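Asker: Contents are mmCIF, C-alpha atoms; file name run-v8.cif:
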```cif
data_input
#
loop_
_atom_site.label_atom_id
_atom_site.label_comp_id
_atom_site.auth_asym_id
_atom_site.auth_seq_id
_atom_site.Cartn_x
_atom_site.Cartn_y
_atom_site.Cartn_z
CA MET A 71 125.24 120.05 77.50
CA LYS A 72 124.45 117.32 79.94
CA ASN A 73 127.23 115.33 81.50
CA ILE A 74 126.35 111.67 82.02
CA LYS A 75 128.60 109.18 83.78
CA VAL A 76 128.12 105.43 83.81
CA LEU A 77 129.61 103.81 86.92
CA GLY A 78 130.68 100.19 86.65
CA THR A 79 133.70 97.95 86.79
CA GLY A 80 133.28 96.78 83.21
CA CYS A 81 130.58 94.15 83.49
CA ALA A 82 128.30 93.33 80.56
CA ASN A 83 125.37 95.29 82.01
CA CYS A 84 127.51 98.43 82.30
CA LYS A 85 128.48 98.26 78.64
CA THR A 86 124.85 97.74 77.62
CA THR A 87 123.82 100.75 79.69
CA LEU A 88 126.45 102.91 78.04
CA LYS A 89 125.31 101.81 74.60
CA LEU A 90 121.63 102.42 75.39
CA ILE A 91 122.30 105.97 76.54
CA GLU A 92 124.41 106.67 73.46
CA GLU A 93 121.64 105.38 71.19
CA ALA A 94 118.90 107.28 72.98
CA ALA A 95 120.87 110.53 72.75
CA ARG A 96 121.53 110.02 69.04
CA GLU A 97 117.87 109.26 68.37
CA LYS A 98 116.72 112.39 70.14
CA GLY A 99 119.49 114.49 68.68
CA VAL A 100 120.57 115.58 72.17
CA GLU A 101 124.25 116.31 72.62
CA ILE A 102 125.70 114.79 75.74
CA GLU A 103 129.08 114.24 77.28
CA LEU A 104 129.26 110.54 78.14
CA GLU A 105 131.89 109.18 80.51
CA LYS A 106 132.79 105.78 81.89
CA VAL A 107 133.87 105.55 85.52
CA GLU A 108 135.60 102.24 86.06
CA GLN A 109 137.88 102.82 89.06
CA LEU A 110 136.44 101.28 92.19
CA GLN A 111 137.48 104.16 94.43
CA ASP A 112 135.74 106.66 92.14
CA ILE A 113 132.58 104.57 91.95
CA MET A 114 132.42 104.29 95.73
CA ALA A 115 132.81 108.04 96.05
CA TYR A 116 129.29 108.33 94.61
CA GLY A 117 127.95 106.00 97.29
CA VAL A 118 126.58 103.57 94.72
CA MET A 119 126.33 99.96 95.92
CA SER A 120 125.03 98.19 92.87
CA THR A 121 126.37 98.73 89.40
CA PRO A 122 125.77 99.92 86.78
CA GLY A 123 125.07 103.33 88.27
CA VAL A 124 124.24 106.44 86.28
CA VAL A 125 125.16 109.98 87.27
CA VAL A 126 123.58 112.94 85.47
CA ASP A 127 125.25 116.31 86.10
CA GLY A 128 126.79 115.05 89.32
CA LYS A 129 123.61 113.49 90.69
CA VAL A 130 123.09 109.73 91.05
CA VAL A 131 119.87 108.90 89.20
CA HIS A 132 120.11 105.13 88.88
CA ALA A 133 121.82 102.17 90.53
CA GLY A 134 121.66 98.47 89.78
CA GLY A 135 120.55 96.83 86.56
CA ILE A 136 120.07 98.15 83.07
CA PRO A 137 117.84 101.26 83.07
CA GLY A 138 114.67 101.17 80.97
CA ARG A 139 114.29 103.22 77.80
CA ASP A 140 111.70 105.55 79.36
CA LYS A 141 114.00 106.22 82.26
CA ILE A 142 116.88 107.09 79.95
CA GLY A 143 114.57 109.32 77.92
CA GLY A 144 113.67 111.17 81.11
CA TRP A 145 117.33 112.03 81.83
CA LEU A 146 117.83 113.50 78.40
CA MET B 169 88.98 94.16 75.67
CA ASN B 170 92.65 94.05 74.78
CA ALA B 171 93.30 97.50 76.17
CA PHE B 172 91.39 96.54 79.29
CA VAL B 173 93.58 93.47 79.85
CA LEU B 174 96.76 95.40 79.16
CA ASN B 175 95.75 98.06 81.65
CA LEU B 176 94.73 95.63 84.36
CA PRO B 177 98.12 95.56 86.16
CA ARG B 178 97.87 99.36 86.48
CA SER B 179 94.17 99.86 87.11
CA SER B 180 93.49 97.00 89.53
CA PRO B 181 96.75 95.31 90.45
CA ARG B 182 95.25 93.03 93.09
CA THR B 183 92.71 91.54 90.70
CA PHE B 184 95.44 91.13 88.12
CA LEU B 185 97.64 89.21 90.58
CA ALA B 186 94.78 86.97 91.69
CA VAL B 187 93.71 86.18 88.13
CA SER B 188 97.29 85.48 87.06
CA ALA B 189 97.84 83.17 90.02
CA VAL B 190 94.72 81.16 89.18
CA LEU B 191 95.63 81.01 85.48
CA TRP B 192 99.19 79.97 86.29
CA PHE B 193 97.99 77.20 88.55
CA GLY B 194 95.44 76.02 86.00
CA VAL B 195 98.04 75.78 83.23
CA TYR B 196 100.44 74.03 85.61
CA LYS B 197 97.83 71.40 86.42
CA THR B 198 97.00 70.67 82.77
CA LEU B 199 100.61 70.11 81.74
CA GLU B 200 100.74 66.46 82.73
CA PRO B 201 97.66 65.23 80.81
CA LEU B 202 98.53 67.52 77.92
CA SER B 203 102.06 66.14 77.63
CA ARG B 204 100.73 62.58 77.72
CA TRP B 205 98.26 63.38 74.98
CA LEU B 206 100.96 65.06 72.88
CA ALA B 207 103.37 62.16 73.31
CA ASP B 208 100.66 59.71 72.26
CA ALA B 209 99.95 61.79 69.17
CA LEU B 210 103.58 61.49 68.07
CA PRO B 211 104.61 58.51 65.93
CA ALA B 212 106.60 56.78 68.67
CA GLU B 213 105.34 53.47 69.96
CA ARG B 214 103.68 53.65 73.35
CA GLY B 215 105.83 52.12 76.07
CA SER B 216 108.98 52.38 73.99
CA HIS B 217 112.05 54.13 75.32
CA LEU B 218 111.68 56.95 72.81
CA HIS B 219 108.06 57.51 73.85
CA ASP B 220 109.05 57.77 77.51
CA ALA B 221 111.86 60.15 76.75
CA LEU B 222 109.55 62.31 74.62
CA GLN B 223 106.88 62.50 77.27
CA PHE B 224 109.46 63.33 79.91
CA PHE B 225 110.78 66.13 77.73
CA LEU B 226 107.32 67.44 76.79
CA TYR B 227 106.23 67.50 80.41
CA ASP B 228 109.38 68.73 82.12
CA THR B 229 110.24 71.57 79.77
CA PRO B 230 107.05 73.63 80.19
CA LYS B 231 106.82 72.59 83.85
CA VAL B 232 110.28 73.85 84.77
CA LEU B 233 109.96 77.00 82.67
CA LEU B 234 106.57 77.76 84.20
CA LEU B 235 107.90 77.22 87.73
CA LEU B 236 110.91 79.36 86.96
CA ALA B 237 108.77 82.17 85.54
CA GLY B 238 106.41 82.02 88.55
CA ILE B 239 109.14 82.06 91.16
CA VAL B 240 111.19 84.72 89.36
CA MET B 241 108.06 86.88 89.07
CA VAL B 242 107.33 86.63 92.79
CA MET B 243 110.98 87.18 93.68
CA GLY B 244 111.18 90.16 91.33
CA MET B 245 108.33 91.74 93.25
CA ILE B 246 109.88 90.87 96.62
CA ASN B 247 113.24 92.20 95.42
CA SER B 248 111.67 95.58 94.85
CA TYR B 249 111.14 95.87 98.62
CA PHE B 250 114.74 94.97 99.46
CA THR B 251 117.08 97.35 97.73
CA PRO B 252 120.75 97.03 98.73
CA GLU B 253 120.41 100.36 100.56
CA ARG B 254 117.53 99.10 102.67
CA THR B 255 119.29 95.82 103.46
CA ARG B 256 122.35 97.75 104.50
CA ALA B 257 120.31 99.95 106.82
CA LEU B 258 118.73 96.83 108.34
CA LEU B 259 122.14 95.29 109.00
CA SER B 260 124.17 98.27 110.10
CA GLY B 261 125.14 98.08 113.73
CA ARG B 262 123.83 94.51 114.18
CA HIS B 263 125.78 92.20 116.39
CA GLU B 264 127.26 88.95 115.31
CA GLY B 265 125.01 85.96 115.62
CA VAL B 266 121.61 87.49 114.94
CA GLY B 267 123.28 89.74 112.38
CA ASN B 268 124.76 86.77 110.53
CA ALA B 269 121.42 85.00 110.35
CA MET B 270 119.65 88.16 109.14
CA ALA B 271 122.35 88.84 106.57
CA ALA B 272 122.16 85.33 105.16
CA MET B 273 118.38 85.53 104.83
CA LEU B 274 118.45 89.02 103.35
CA GLY B 275 120.95 87.60 100.87
CA ILE B 276 118.12 85.56 99.36
CA VAL B 277 115.71 88.46 98.84
CA THR B 278 118.09 91.31 97.95
CA PRO B 279 118.78 91.58 94.22
CA PHE B 280 122.42 90.71 93.68
CA CYS B 281 124.73 90.51 90.71
CA SER B 282 128.23 89.16 91.21
CA CYS B 283 129.62 92.16 89.36
CA SER B 284 128.33 94.35 92.20
CA ALA B 285 129.91 92.22 94.93
CA VAL B 286 132.71 94.66 95.66
CA PRO B 287 130.78 97.96 95.72
CA LEU B 288 128.25 96.20 97.94
CA PHE B 289 130.97 94.88 100.23
CA ILE B 290 132.52 98.32 100.65
CA GLY B 291 129.14 99.97 101.08
CA PHE B 292 128.28 97.57 103.90
CA VAL B 293 131.60 97.91 105.74
CA GLN B 294 131.50 101.67 105.36
CA ALA B 295 128.11 101.87 107.03
CA GLY B 296 129.27 99.89 110.05
CA VAL B 297 127.97 96.44 109.16
CA PRO B 298 130.39 94.06 110.96
CA LEU B 299 132.82 92.23 108.69
CA GLY B 300 131.50 88.75 109.54
CA VAL B 301 127.91 89.84 108.92
CA THR B 302 128.93 91.32 105.56
CA PHE B 303 130.50 87.98 104.64
CA SER B 304 127.37 86.08 105.58
CA PHE B 305 125.52 88.24 103.07
CA LEU B 306 128.20 87.89 100.43
CA ILE B 307 128.18 84.10 100.69
CA SER B 308 124.43 83.59 100.76
CA ALA B 309 123.44 86.10 98.05
CA PRO B 310 124.91 84.28 95.05
CA MET B 311 124.60 80.75 96.44
CA VAL B 312 121.00 80.70 97.66
CA ASN B 313 119.21 82.47 94.83
CA GLU B 314 115.77 82.08 93.32
CA ILE B 315 117.04 80.58 90.05
CA ALA B 316 118.87 77.75 91.83
CA LEU B 317 115.87 77.12 94.10
CA ALA B 318 113.31 77.20 91.26
CA LEU B 319 115.32 74.80 89.14
CA LEU B 320 116.05 72.37 91.97
CA PHE B 321 112.36 72.46 92.85
CA GLY B 322 111.26 71.86 89.27
CA LEU B 323 113.72 69.10 88.46
CA PHE B 324 114.30 67.26 91.74
CA GLY B 325 111.33 68.13 93.94
CA TRP B 326 110.74 70.58 96.77
CA GLU B 327 112.58 68.50 99.38
CA ILE B 328 115.91 69.00 97.63
CA ALA B 329 115.22 72.69 97.05
CA VAL B 330 114.43 73.23 100.75
CA LEU B 331 117.47 71.22 101.82
CA TYR B 332 119.69 73.21 99.51
CA MET B 333 118.32 76.45 100.94
CA GLY B 334 118.74 75.32 104.54
CA LEU B 335 122.28 74.11 104.01
CA GLY B 336 123.27 77.15 101.98
CA LEU B 337 121.99 79.45 104.74
CA THR B 338 123.83 77.39 107.36
CA VAL B 339 127.12 77.63 105.49
CA ALA B 340 126.67 81.40 105.04
CA ILE B 341 125.76 82.01 108.69
CA VAL B 342 128.50 79.83 110.20
CA ALA B 343 131.25 80.90 107.78
CA GLY B 344 130.42 84.59 108.36
CA PHE B 345 130.33 84.04 112.11
CA VAL B 346 133.75 82.33 112.08
CA ILE B 347 135.29 85.09 109.93
CA GLY B 348 133.84 87.66 112.35
CA LYS B 349 135.34 85.86 115.35
CA LEU B 350 138.77 85.83 113.70
CA LYS B 351 138.80 89.66 113.89
CA MET B 352 140.35 90.23 110.50
CA GLU B 353 139.47 93.89 110.01
CA GLN B 354 143.14 94.79 109.57
CA HIS B 355 143.27 92.55 106.51
CA LEU B 356 141.02 94.85 104.51
CA GLU B 357 142.95 96.91 101.98
CA ASP B 358 144.05 100.20 103.52
CA TRP B 359 142.03 102.44 101.22
CA VAL B 360 138.88 100.59 102.25
CA ARG B 361 139.58 101.01 105.94
CA ASN B 362 140.37 104.67 105.46
CA MET B 363 137.13 105.48 103.71
CA ALA B 364 134.84 107.86 105.46
CA HIS B 365 132.16 106.21 107.56
CA VAL B 366 128.71 106.81 106.15
CA GLN B 367 125.34 106.80 107.79
CA ALA B 368 123.11 104.06 106.39
CA THR B 369 119.96 105.83 105.32
CA VAL B 370 117.21 104.89 102.94
CA GLY B 371 115.13 107.21 100.87
CA ALA B 372 111.37 106.86 101.05
CA ASP B 373 110.08 103.91 99.07
CA GLU B 374 107.83 105.39 96.41
CA LEU B 375 107.02 102.21 94.53
CA THR B 376 103.39 101.26 94.12
CA LEU B 377 102.03 97.76 93.62
CA PRO B 378 101.79 98.23 89.83
CA ASP B 379 105.46 99.28 89.82
CA ARG B 380 106.36 96.10 91.66
CA ILE B 381 104.38 94.01 89.19
CA GLU B 382 106.30 95.71 86.42
CA ALA B 383 109.57 94.95 88.24
CA GLY B 384 108.49 91.32 88.47
CA PHE B 385 107.82 91.13 84.74
CA ALA B 386 111.12 92.83 84.02
CA SER B 387 113.03 90.18 85.95
CA VAL B 388 111.05 87.37 84.30
CA ARG B 389 111.97 88.79 80.90
CA SER B 390 115.64 89.19 81.67
CA ILE B 391 116.17 86.00 83.74
CA VAL B 392 114.02 83.52 81.86
CA GLY B 393 115.25 85.02 78.58
CA ARG B 394 118.83 84.33 79.63
CA VAL B 395 118.36 81.01 81.35
CA TRP B 396 116.04 78.97 79.13
CA PRO B 397 118.74 77.39 76.93
CA TYR B 398 120.39 75.91 80.04
CA VAL B 399 117.08 74.57 81.24
CA LEU B 400 116.43 72.93 77.87
CA ALA B 401 119.92 71.43 77.87
CA GLY B 402 119.46 70.11 81.39
CA ILE B 403 116.14 68.47 80.59
CA ALA B 404 117.39 67.07 77.29
CA ILE B 405 120.32 65.50 79.12
CA GLY B 406 117.96 64.13 81.72
CA ALA B 407 115.69 62.69 79.04
CA ALA B 408 118.48 61.22 76.93
CA ILE B 409 120.78 59.93 79.62
CA HIS B 410 118.46 57.35 81.14
CA GLY B 411 119.09 54.72 78.50
CA TYR B 412 122.48 55.40 77.08
CA VAL B 413 124.90 55.68 79.97
CA PRO B 414 125.15 52.80 82.44
CA GLN B 415 123.16 53.57 85.58
CA ASP B 416 126.12 53.37 87.96
CA PHE B 417 128.60 55.05 85.70
CA MET B 418 129.34 57.81 88.25
CA ALA B 419 128.92 55.68 91.36
CA GLY B 420 132.51 54.43 91.05
CA PHE B 421 134.05 57.83 91.60
CA MET B 422 131.30 60.11 92.90
CA GLY B 423 129.30 57.55 94.86
CA LYS B 424 128.65 57.46 98.57
CA ASP B 425 131.47 55.14 99.46
CA VAL B 426 134.18 57.23 97.89
CA TRP B 427 135.46 59.26 100.84
CA TRP B 428 137.55 61.68 98.78
CA ALA B 429 134.74 62.54 96.36
CA VAL B 430 133.46 65.50 98.41
CA PRO B 431 136.76 67.39 98.78
CA ALA B 432 137.64 66.59 95.17
CA SER B 433 134.31 68.02 93.93
CA VAL B 434 134.77 71.17 95.99
CA LEU B 435 138.35 71.56 94.77
CA ILE B 436 137.19 71.34 91.17
CA GLY B 437 134.13 73.50 91.82
CA VAL B 438 135.75 76.48 93.57
CA PRO B 439 137.64 78.01 90.62
CA MET B 440 134.84 77.18 88.16
CA TYR B 441 132.34 79.85 87.34
CA THR B 442 128.89 79.51 85.92
CA ASN B 443 125.51 80.77 87.01
CA ALA B 444 122.98 78.61 88.82
CA ALA B 445 121.27 77.71 85.55
CA GLY B 446 124.43 76.58 83.80
CA ILE B 447 125.28 74.07 86.52
CA ILE B 448 121.86 72.41 86.49
CA PRO B 449 122.39 70.19 83.41
CA ILE B 450 125.59 68.87 85.00
CA VAL B 451 123.84 68.21 88.30
CA GLU B 452 121.04 66.41 86.48
CA ALA B 453 123.50 64.20 84.60
CA LEU B 454 125.58 63.37 87.69
CA LEU B 455 122.58 62.51 89.87
CA ALA B 456 120.95 60.36 87.22
CA LYS B 457 124.08 58.26 86.98
CA GLY B 458 124.53 57.34 90.60
CA ALA B 459 126.62 60.17 92.03
CA ALA B 460 125.82 60.78 95.71
CA LEU B 461 123.47 63.69 96.47
CA GLY B 462 125.77 65.31 99.05
CA THR B 463 128.72 65.22 96.70
CA VAL B 464 126.71 66.75 93.87
CA LEU B 465 125.21 69.50 96.08
CA ALA B 466 128.68 70.32 97.45
CA PHE B 467 129.94 70.60 93.88
CA MET B 468 127.03 72.85 92.93
CA MET B 469 127.49 75.10 95.96
CA SER B 470 131.21 75.52 95.41
CA VAL B 471 130.74 76.39 91.74
CA ILE B 472 128.11 79.04 92.48
CA ALA B 473 129.47 80.47 95.73
CA LEU B 474 133.14 80.85 94.87
CA SER B 475 134.83 81.49 91.57
CA LEU B 476 138.15 82.66 90.25
CA PRO B 477 136.78 85.89 88.70
CA GLU B 478 135.08 86.80 91.99
CA ILE B 479 138.29 86.16 93.91
CA VAL B 480 140.20 88.40 91.53
CA ILE B 481 137.67 91.21 92.07
CA LEU B 482 137.61 90.76 95.85
CA ARG B 483 141.41 90.99 95.90
CA LYS B 484 140.97 94.72 95.28
CA VAL B 485 139.48 95.15 98.75
CA LEU B 486 140.79 92.19 100.76
CA LYS B 487 144.38 91.35 101.58
CA PRO B 488 145.59 87.83 100.68
CA THR B 489 145.24 86.50 104.24
CA LEU B 490 141.57 87.44 104.38
CA ILE B 491 140.87 86.06 100.89
CA ALA B 492 142.51 82.78 101.84
CA THR B 493 140.51 82.64 105.08
CA PHE B 494 137.30 83.39 103.18
CA ILE B 495 137.91 80.63 100.62
CA GLY B 496 139.09 78.21 103.29
CA VAL B 497 136.16 78.71 105.66
CA VAL B 498 133.54 78.55 102.92
CA SER B 499 135.02 75.46 101.21
CA PHE B 500 135.32 73.73 104.56
CA GLY B 501 131.67 74.49 105.31
CA ILE B 502 130.56 73.17 101.94
CA MET B 503 132.58 69.97 102.38
CA LEU B 504 130.99 69.44 105.76
CA VAL B 505 127.56 69.81 104.15
CA GLY B 506 128.51 67.22 101.55
CA TYR B 507 129.63 64.68 104.15
CA VAL B 508 126.63 65.22 106.42
CA PHE B 509 124.30 64.80 103.46
CA ASN B 510 125.96 61.65 102.24
CA SER B 511 125.80 60.06 105.67
CA LEU B 512 122.09 60.95 106.10
CA PHE B 513 120.76 59.70 102.77
#
```
Write the structure described by the file as structure tokens, please.
Answerer:
Amino acid sequence: MKNIKVLGTGCANCKTTLKLIEEAAREKGVEIELEKVEQLQDIMAYGVMSTPGVVVDGKVVHAGGIPGRDKIGGWL
Amino acid sequence: MNAFVLNLPRSSPRTFLAVSAVLWFGVYKTLEPLSRWLADALPAERGSHLHDALQFFLYDTPKVLLLLAGIVMVMGMINSYFTPERTRALLSGRHEGVGNAMAAMLGIVTPFCSCSAVPLFIGFVQAGVPLGVTFSFLISAPMVNEIALALLFGLFGWEIAVLYMGLGLTVAIVAGFVIGKLKMEQHLEDWVRNMAHVQATVGADELTLPDRIEAGFASVRSIVGRVWPYVLAGIAIGAAIHGYVPQDFMAGFMGKDVWWAVPASVLIGVPMYTNAAGIIPIVEALLAKGAALGTVLAFMMSVIALSLPEIVILRKVLKPTLIATFIGVVSFGIMLVGYVFNSLF
């Protein structure tokens, strides 16, 4: 099972990103473990400078802005 | 044919850009005659107030939206060259002075969302970008942005847009320089100062021209999609206001001769928060009714550059002394801009 983390301090874009990933996973029938990382110190530990950031299995795959549907599909 | 056109940005991006530019310009040039023709076709008497207002609305709305779309498209493509990581690498280890100027200018072209202000701030400091240089970036990025410039250009002409840009850059450079000189590094929160230093590196840029065109379209979709109601409101106010509010309504308390108008506008503007598009209808209304240009621009700058929510977020990384200095230096700079402007025009 893939572990996906969304990094962001709770801005609108971060929530949208979270929702998009949830939807995409449900559509594809892929089971994922989705987490929100909202503490600033934790976000910085990933070296991400623009939020929302997305981490898949410990690797930063996206930073800044809402990711496109194709991109999300690629992670799953 | 359709498939060919849809594939053009991918198959021959240069041709696509050239054709779009020509088309854009052609449409832009036909707006004026077209709006006149449309207004004449409507059942409002020619020369009447309603007719004028209609033509103004019919011309300005597509004009401003078209300008906005064009500028956002170009900026979206430019943005794809300047990721925050690249900007950070460009700024790390720069000295004050040149560094401040570079940071303020990079603030215009680097994509920036106020919700990322803090991660960006920490990322910069961590990679050895001097504190004052970081502040120059942090001040310029939200204040001098493409939406503000496109709208000022569309509604008030290029002179005001260029002036706004020049003054915004000046405030960002000088304020950052002053904060740097004050040597306030010890007023960063301890956990920020104790973070491991990182090397500013950038991965290879793998984007192709078609990718950049796509990035441009993406920002047009998201920005114009979000901003158009404000633009409509601003133009509607502009169209309606001419007849119904006395011309000098605002001159009494936001006019040139009111010495306290500039600090009062900044004081009101600092805690307020709205994006560049939201402030435009207000600016339009104030200017149309005799408020002084410098006072209005100072108000606009203070609303966009500083806000209560941003201050609350920054408090997580800055100690109160540094926050107060930041607000003080920036507001002072903006006030100065307001006064200089009012005395020049």
Asker: Would you mind listing what lies within 10 Å of A:Gln109 as an mmCIF file with C-alpha atoms, in the frame of the given file, with all atoms listed in the file counted and same-chain residues fewer than 5 positions away left out?
Answerer:
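around.cif was written with the following content:
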```cif
data_model
loop_
_atom_site.group_PDB
_atom_site.id
_atom_site.type_symbol
_atom_site.label_atom_id
_atom_site.label_comp_id
_atom_site.auth_asym_id
_atom_site.auth_seq_id
_atom_site.Cartn_x
_atom_site.Cartn_y
_atom_site.Cartn_z
ATOM 1 C CA LEU A 77 129.610 103.810 86.920
ATOM 2 C CA GLY A 78 130.680 100.190 86.650
ATOM 3 C CA THR A 79 133.700 97.950 86.790
ATOM 4 C CA GLY A 80 133.280 96.780 83.210
ATOM 5 C CA MET A 114 132.420 104.290 95.730
#
```
Asker: Identify all chain A residues at most 10 Å from chain B by counting only C-alpha atoms; ligands do not count. Present them as a VMD selection string.
Answerer: chain A and resid 78 to 84 110 to 111 113 to 115 117 to 122 133 to 135 138
Asker: Selection in question (the file shown): the PyMOL selection byres ((chain B and resi 225) around 12). Which residues does it include, as JSON, numbers by chain?
Answerer: {"B": [199, 200, 203, 204, 206, 207, 218, 219, 220, 221, 222, 223, 224, 226, 227, 228, 229, 230, 231, 232, 233, 323, 399, 400, 401, 402, 403, 404, 405, 406, 407, 408, 409]}
Asker: Leaving out B:Lys487 and any residue of its chain fewer than 2 positions from it, which residues lie within 7 Å of it when counting all atoms listed in the file, given as a list in words?
Answerer: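 Using all atoms listed in the file, the neighbours found are His355, Leu356, Glu357, Arg483, Val485, Thr489, Leu490 and Ile491 of chain B.
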Asker: Box for stretch 122-135 of chain A: with edges along x, y and z, all listed atoms inside and 6 Å added on each side, what are the centre and edge lengths in Å to one decimal, as AutoDock Vina command-line options?
Answerer:
```
--center_x 123.3 --center_y 106.6 --center_z 88.3 --size_x 18.9 --size_y 31.5 --size_z 17.6
```
Asker: Please indicate the distance in Å from atom CA of B:Leu335 to atom CA of B:Gly446, rounded to one decimal place.
Answerer: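 A separation of 20.5 Å between them.
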Asker: Given the file shown, determine the residues that the PyMOL selection byres ((chain B and resi 460) around 7) selects; report them as an MDAnalysis selection string.
Answerer: chainID B and resid 422:424 455 458:459 461:464 510
Asker: Quick one: residues within 6 Å of (102.7, 78.5, 86.0) (file frame), counting only C-alpha atoms, please, as a PyMOL selection string.
Answerer: chain B and resi 192-193+196+234-235+238
Asker: The PyMOL selection byres ((chain B and resi 242) around 12) on the file shown: which residues, as a VMD selection string?
Answerer: chain B and resid 185 188 to 189 235 to 241 243 to 249 277 314 to 315 318 380 to 388
Asker: Can you work out the spacing between atom CA of B:Ile502 and atom CA of B:Gly267 in Å, to one decimal?
Answerer: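 Here the two named atoms are 20.9 Å from each other.
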Asker: Have a look at atom CA of A:Glu92 and atom CA of A:Val124 and let me know their distance in Å, one decimal.
Answerer: 12.8 Å
Asker: Can you pull out every residue within 10 Å of A:Gly128, counting all atoms listed in the file, but drop anything in the same chain fewer than 2 positions away, and send it as a ChimeraX atom specification?
Answerer: /A:72-75,116,124-126,130-131
Asker: Which residue out of B:Met270, B:Ala343, B:Val297, B:Leu454 has the minimum interatomic distance to B:Ala257 when all atoms listed in the file are used?
Answerer: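 Of all the options, B:Val297 lies closest to B:Ala257.
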Asker: For a quick check of understanding, using all atoms listed in the file, which of B:Pro310, B:Gly344, B:Pro378, B:Gly215 has the smallest distance to B:Thr183?
Answerer: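 Using all atoms listed in the file, the shortest distance to B:Thr183 belongs to B:Pro378.
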Asker: Using all atoms listed in the file, which of the listed residues (B:Gly296, B:Leu320, B:Leu337, B:Glu452) sits closest to B:Met273?
Answerer: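 Going through B:Gly296, B:Leu320, B:Leu337, B:Glu452 one by one, the smallest distance to B:Met273 is for B:Leu337.
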Asker: Can you work out which one of B:Leu486, B:Val430, B:Ala456, B:Leu174 has the shortest atom-to-atom distance to B:Met352, counting all atoms listed in the file?
Answerer: B:Leu486
